[in-house]
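Chemist: This is the content of coords-v4.txt (compact mmCIF, C-alpha atoms and all ligand atoms):
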# COMPACT_ATOMS: atom_id res chain seq x y z
CA MET Q 1 30.67 -112.43 215.59
CA GLU Q 2 33.24 -114.64 217.28
CA ILE Q 3 34.80 -111.61 218.90
CA LYS Q 4 31.42 -110.60 220.32
CA PHE Q 5 30.94 -114.08 221.80
CA PHE Q 6 34.45 -113.99 223.18
CA ARG Q 7 33.76 -110.61 224.82
CA LEU Q 8 30.49 -111.89 226.26
CA PHE Q 9 32.24 -114.98 227.58
CA LEU Q 10 34.99 -112.83 229.08
CA LEU Q 11 32.43 -110.57 230.75
CA ILE Q 12 30.55 -113.55 232.26
CA PHE Q 13 33.85 -115.02 233.43
CA ILE Q 14 34.90 -111.78 235.14
CA VAL Q 15 31.51 -111.39 236.82
CA ALA Q 16 31.60 -115.02 238.02
CA VAL Q 17 35.10 -114.56 239.49
CA PHE Q 18 34.01 -111.33 241.20
CA ILE Q 19 30.94 -112.96 242.77
CA SER Q 20 32.89 -115.98 243.97
CA CYS Q 21 35.63 -113.91 245.64
CA PRO Q 22 35.27 -113.99 249.44
CA ASN Q 23 34.26 -110.64 250.86
CA GLU Q 24 35.69 -109.99 254.31
CA ALA Q 25 32.81 -107.66 255.19
CA ASP Q 26 30.41 -110.59 254.90
CA GLU Q 27 32.44 -112.91 257.08
CA THR Q 28 30.45 -114.39 259.96
CA ASN Q 29 32.19 -115.18 263.22
CA VAL Q 30 30.86 -117.76 265.64
CA TYR Q 31 31.54 -117.07 269.32
CA GLU Q 32 32.26 -120.13 271.42
CA ARG Q 33 31.38 -118.54 274.74
CA ILE Q 34 30.04 -115.06 275.39
CA VAL Q 35 29.98 -114.00 279.01
CA ILE Q 36 27.80 -111.14 280.17
CA ASP Q 37 28.57 -110.32 283.72
CA THR Q 38 27.30 -107.83 286.27
CA TYR Q 39 29.20 -107.17 289.46
CA GLU Q 40 29.62 -104.71 292.26
CA PRO Q 41 31.47 -101.83 290.56
CA LEU Q 42 33.70 -100.85 293.47
CA GLY Q 43 34.73 -104.38 294.39
CA GLY Q 44 33.23 -105.83 297.53
CA PHE Q 45 29.75 -105.46 298.89
CA GLY Q 46 29.13 -102.29 300.82
CA ALA Q 47 32.26 -100.42 299.71
CA ILE Q 48 30.17 -97.27 299.90
CA PRO Q 49 27.18 -98.17 302.07
CA GLN Q 50 25.16 -95.11 301.05
CA GLN Q 51 25.48 -96.13 297.39
CA VAL Q 52 24.61 -99.77 297.54
CA PRO Q 53 25.13 -102.07 294.55
CA THR Q 54 21.94 -103.34 293.07
CA ASP Q 55 20.52 -106.81 292.58
CA THR Q 56 20.58 -107.24 288.79
CA TYR Q 57 18.56 -109.28 286.32
CA LEU Q 58 19.99 -109.81 282.83
CA THR Q 59 18.22 -110.66 279.59
CA LEU Q 60 19.82 -111.04 276.17
CA PHE Q 61 17.85 -110.43 272.97
CA ASN Q 62 18.73 -110.73 269.32
CA ASP Q 63 18.20 -107.84 266.91
CA SER Q 64 14.62 -108.96 266.30
CA GLY Q 65 13.80 -108.65 270.00
CA SER Q 66 13.62 -112.41 270.61
CA MET Q 67 14.93 -113.47 274.01
CA LEU Q 68 17.96 -115.74 273.89
CA VAL Q 69 18.74 -116.23 277.58
CA GLU Q 70 18.15 -114.62 280.98
CA ASP Q 71 19.65 -114.84 284.43
CA ASN Q 72 18.98 -113.52 287.89
CA ASP Q 73 21.52 -114.42 290.54
CA SER Q 74 24.34 -116.58 289.22
CA THR Q 75 27.32 -114.27 289.67
CA PRO Q 76 30.50 -116.22 290.45
CA TYR Q 77 31.94 -113.49 292.66
CA THR Q 78 31.29 -114.53 296.21
CA ASP Q 79 32.93 -111.39 297.53
CA ASP Q 80 30.56 -109.22 295.57
CA HIS Q 81 26.95 -108.47 296.03
CA ILE Q 82 24.93 -111.67 296.00
CA GLY Q 83 22.21 -111.28 293.41
CA SER Q 84 24.31 -110.08 290.48
CA ALA Q 85 23.25 -111.63 287.19
CA HIS Q 86 25.64 -113.49 284.92
CA ILE Q 87 25.12 -115.08 281.49
CA TYR Q 88 27.25 -117.77 279.84
CA TYR Q 89 26.19 -118.20 276.24
CA THR Q 90 27.77 -121.26 274.60
CA ASP Q 91 25.30 -122.01 271.81
CA GLY Q 92 27.39 -120.05 269.32
CA LEU Q 93 26.35 -116.45 269.00
CA ILE Q 94 27.24 -115.18 265.55
CA SER Q 95 28.29 -111.77 264.24
CA GLY Q 96 25.50 -109.26 264.60
CA THR Q 97 23.63 -106.91 266.89
CA TYR Q 98 22.30 -107.93 270.28
CA TYR Q 99 20.48 -106.09 273.06
CA ILE Q 100 21.14 -106.53 276.75
CA ARG Q 101 18.47 -105.55 279.26
CA VAL Q 102 19.29 -104.94 282.90
CA THR Q 103 16.58 -104.68 285.50
CA SER Q 104 16.51 -105.11 289.26
CA GLY Q 105 14.88 -107.71 291.39
CA PHE Q 106 14.21 -104.95 293.89
CA GLY Q 107 15.44 -101.55 294.94
CA SER Q 108 18.00 -99.38 293.21
CA GLY Q 109 21.76 -99.06 293.08
CA PHE Q 110 24.93 -99.25 291.04
CA TYR Q 111 26.37 -102.10 289.05
CA ALA Q 112 29.16 -102.80 286.59
CA ILE Q 113 28.62 -104.80 283.42
CA ARG Q 114 31.13 -106.39 281.04
CA VAL Q 115 30.91 -108.65 277.98
CA LEU Q 116 33.68 -111.13 277.22
CA SER Q 117 34.43 -113.54 274.40
CA LEU Q 118 36.21 -116.59 275.82
CA ASN Q 119 37.03 -120.15 274.92
CA LYS Q 120 34.82 -122.63 276.71
CA GLY Q 121 37.58 -123.77 279.04
CA ALA Q 122 39.12 -120.38 279.72
CA ALA Q 123 39.10 -118.98 283.24
CA LEU Q 124 37.09 -115.85 283.79
CA PRO Q 125 39.45 -112.88 284.25
CA ASP Q 126 39.11 -110.82 287.40
CA PRO Q 127 36.86 -107.84 286.83
CA ILE Q 128 38.26 -104.34 286.64
CA TYR Q 129 36.73 -102.28 289.40
CA PHE Q 130 35.88 -98.61 289.24
CA GLY Q 131 37.32 -95.89 291.43
CA SER Q 132 33.94 -94.39 292.13
CA HIS Q 133 30.34 -94.80 291.15
CA SER Q 134 29.13 -93.06 288.00
CA ASP Q 135 25.72 -91.60 287.40
CA ASP Q 136 23.89 -92.61 284.25
CA SER Q 137 20.99 -90.23 284.82
CA ALA Q 138 21.56 -88.64 281.43
CA TYR Q 139 20.16 -91.80 279.89
CA GLU Q 140 17.19 -92.24 282.15
CA LEU Q 141 14.73 -90.82 279.63
CA ASP Q 142 16.06 -93.03 276.86
CA ASP Q 143 15.37 -96.44 278.28
CA ALA Q 144 12.14 -97.03 276.36
CA SER Q 145 11.81 -99.99 274.04
CA SER Q 146 9.36 -101.49 271.61
CA GLY Q 147 9.15 -105.25 271.20
CA ASN Q 148 12.35 -105.65 273.23
CA ILE Q 149 14.24 -103.39 270.82
CA PRO Q 150 15.47 -100.34 272.73
CA ASP Q 151 15.03 -96.84 271.37
CA ASN Q 152 18.41 -95.52 272.43
CA PRO Q 153 20.66 -98.13 274.02
CA ILE Q 154 24.12 -97.53 275.40
CA ASP Q 155 26.88 -99.20 273.39
CA ILE Q 156 28.91 -101.86 275.13
CA GLU Q 157 31.92 -103.54 273.55
CA LEU Q 158 33.69 -106.83 274.10
CA GLY Q 159 36.52 -106.65 276.60
CA ASN Q 160 37.26 -106.66 280.29
CA ASP Q 161 38.44 -103.05 280.06
CA LYS Q 162 35.23 -102.02 278.29
CA ALA Q 163 33.06 -102.59 281.38
CA LEU Q 164 30.47 -99.93 282.15
CA ASN Q 165 29.47 -98.56 285.53
CA ARG Q 166 25.71 -98.03 285.49
CA LYS Q 167 22.81 -97.44 287.82
CA LEU Q 168 19.29 -98.68 288.24
CA ASN Q 169 17.60 -95.64 289.70
CA SER Q 170 14.55 -97.50 290.94
CA ASP Q 171 13.08 -100.97 290.95
CA THR Q 172 11.24 -100.04 287.74
CA ASP Q 173 14.24 -98.61 285.90
CA ILE Q 174 15.27 -100.55 282.80
CA ASP Q 175 18.75 -100.19 281.32
CA TRP Q 176 19.45 -101.21 277.74
CA MET Q 177 22.77 -101.87 276.08
CA LYS Q 178 23.63 -102.60 272.47
CA LEU Q 179 26.32 -105.16 271.68
CA VAL Q 180 27.64 -105.52 268.14
CA LEU Q 181 29.68 -108.69 267.69
CA PRO Q 182 32.09 -108.20 264.78
CA CA W 201 19.58 -110.86 290.65
CA CA W 202 19.63 -96.66 284.67
Could you rewrite the structure in this file as structure tokens?
Ligand SMILES: [Ca+2]
Ligand SMILES: [Ca+2]
Modeler:
Amino acid sequence: MEIKFFRLFLLIFIVAVFISCPNEADETNVYERIVIDTYEPLGGFGAIPQQVPTDTYLTLFNDSGSMLVEDNDSTPYTDDHIGSAHIYYTDGLISGTYYIRVTSGFGSGFYAIRVLSLNKGAALPDPIYFGSHSDDSAYELDDASSGNIPDNPIDIELGNDKALNRKLNSDTDIDWMKLVLP
């Protein structure tokens, strides 16, 4: 009988230790400042006049489709196209999935977008410009969403060198990106 109790106790002890062990997969990171930035992809307004950069509007949603923040014109790059949207998020985004929506105030054109994780006081690194404009027309049919959750967003990752060169094909085009913060 005592041996049975001892085994039961041992089993409970092992289970308790297992449950209390920290699991790295469940670790939640808190991001001090997330920057979502759109800018003229070639560097400098009018680099290719026939392919003008567009005036962007940015909105950030959580994975439930609730809006967290939006911006229209606050790009810090005075040499770039005035009207580029730029988000500083300092309320502590946590690990998880987020959706970024890019629309245009008017017209169509190309833009670059990057997402950075920075300390609050850190200077914004210079953007990496593209050698030429890309064409994202392959995704044009996939920009639908339901409740601000896109059907087929383009993945974007943290990092200056992970910037994307995208296009708003018309003033009604809506681009969606998916950001997974580890
Ligand atoms: Ca704008
Ligand atoms: Ca597009």
Chemist: Would you pick out the contacts of region 114-127 of chain Q at 9 Å or less, using all atoms listed in the file, so that residues sharing its chain but fewer than 4 positions from it are not included, and give the list as number ranges by chain?
Modeler: Q: 31-39, 41, 43, 90, 156-164, 179
Chemist: Give the answer as one residue: which of Q:Glu70, Q:Asp173, Q:Asp63, Q:Asp91 has the shortest atom-to-atom distance to ligand CA 201 (chain W), using all atoms listed in the file?
Modeler: Q:Glu70
Chemist: I'd like to know which of Q:Ser170, Q:Ser134, Q:Asn152, Q:Thr56 is closest to ligand CA 201 (chain W), using only C-alpha atoms and all ligand atoms.
Modeler: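 Residue with the minimum atom-to-atom distance to ligand CA 201 (chain W): Q:Thr56.
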Chemist: So, counting all atoms listed in the file, which residue among Q:Ile100, Q:Val30, Q:Ile94, Q:Leu168 is closest to Leu58 (chain Q)?
Modeler: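 Ranking Q:Ile100, Q:Val30, Q:Ile94, Q:Leu168 by distance to Leu58 (chain Q), first place goes to Q:Ile100.
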Chemist: For a test of reading the model, state the distance in Å between CA of Ala85 (chain Q) and CA of Gly147 (chain Q), rounded to one decimal.
Modeler: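 Answer for the CA of Ala85 (chain Q) to CA of Gly147 (chain Q) separation: 22.3 Å.
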Chemist: Which protein, DNA or RNA residues have an atom within 12 Å of ligand CA 201 (chain W), counting all atoms listed in the file, as a PyMOL selection string?
Modeler: chain Q and resi 37-40+53-59+70-75+81-87+102-108+111+171
Chemist: List as a list in words the protein and nucleic acid residues near Trp176 (chain Q), meaning an atom at most 9 Å away when all atoms listed in the file are counted, but skip any in the same chain fewer than 6 places from it.
Modeler: Tyr99, Ile100, Arg101, Val102, Thr103, Asp142, Asp143, Ala144, Ser145, Ile149, Pro150, Asp151, Asn152, Pro153, Ile154 and Asp155 of chain Q
Chemist: Between Q:Leu42, Q:Gly92, Q:Ser64, Q:Ile113, which has the minimum distance to Phe130 (chain Q) (counting only C-alpha atoms)?
Modeler: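 Nearest to Phe130 (chain Q): Q:Leu42.
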Chemist: Take CA of Leu93 (chain Q) and CA of Leu68 (chain Q) and report the distance between them in Å, one decimal.
Modeler: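 Taking CA of Leu93 (chain Q) as the start and CA of Leu68 (chain Q) as the end point, the length is 9.7 Å.
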Chemist: What separation in Å, quoted to one decimal, exists between CA of Ser95 (chain Q) and CA of Val180 (chain Q)?
Modeler: 7.4 Å
Chemist: Between Q:Leu181, Q:Gly131, Q:Ala112, Q:Tyr98, which residue has the minimum interatomic distance to ligand CA 202 (chain W), considering all atoms listed in the file?
Modeler: Q:Ala112
Chemist: Identify which of the residues Q:Asn169, Q:Phe110, Q:Asn148, Q:Ser66 lies closest to ligand CA 202 (chain W), counting all atoms listed in the file when measuring atom-to-atom distances.
Modeler: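 The answer is Q:Asn169, which sits nearest to ligand CA 202 (chain W).
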Chemist: To box region 91-98 of chain Q, take all atoms listed in the file, fit an axis-aligned box, add 6 Å on each side, and give centre and edge lengths in Å to one decimal, as lines of an AutoDock Vina configuration file.
Modeler:
center_x = 25.3
center_y = -114.5
center_z = 268.0
size_x = 18.0
size_y = 27.1
size_z = 19.6
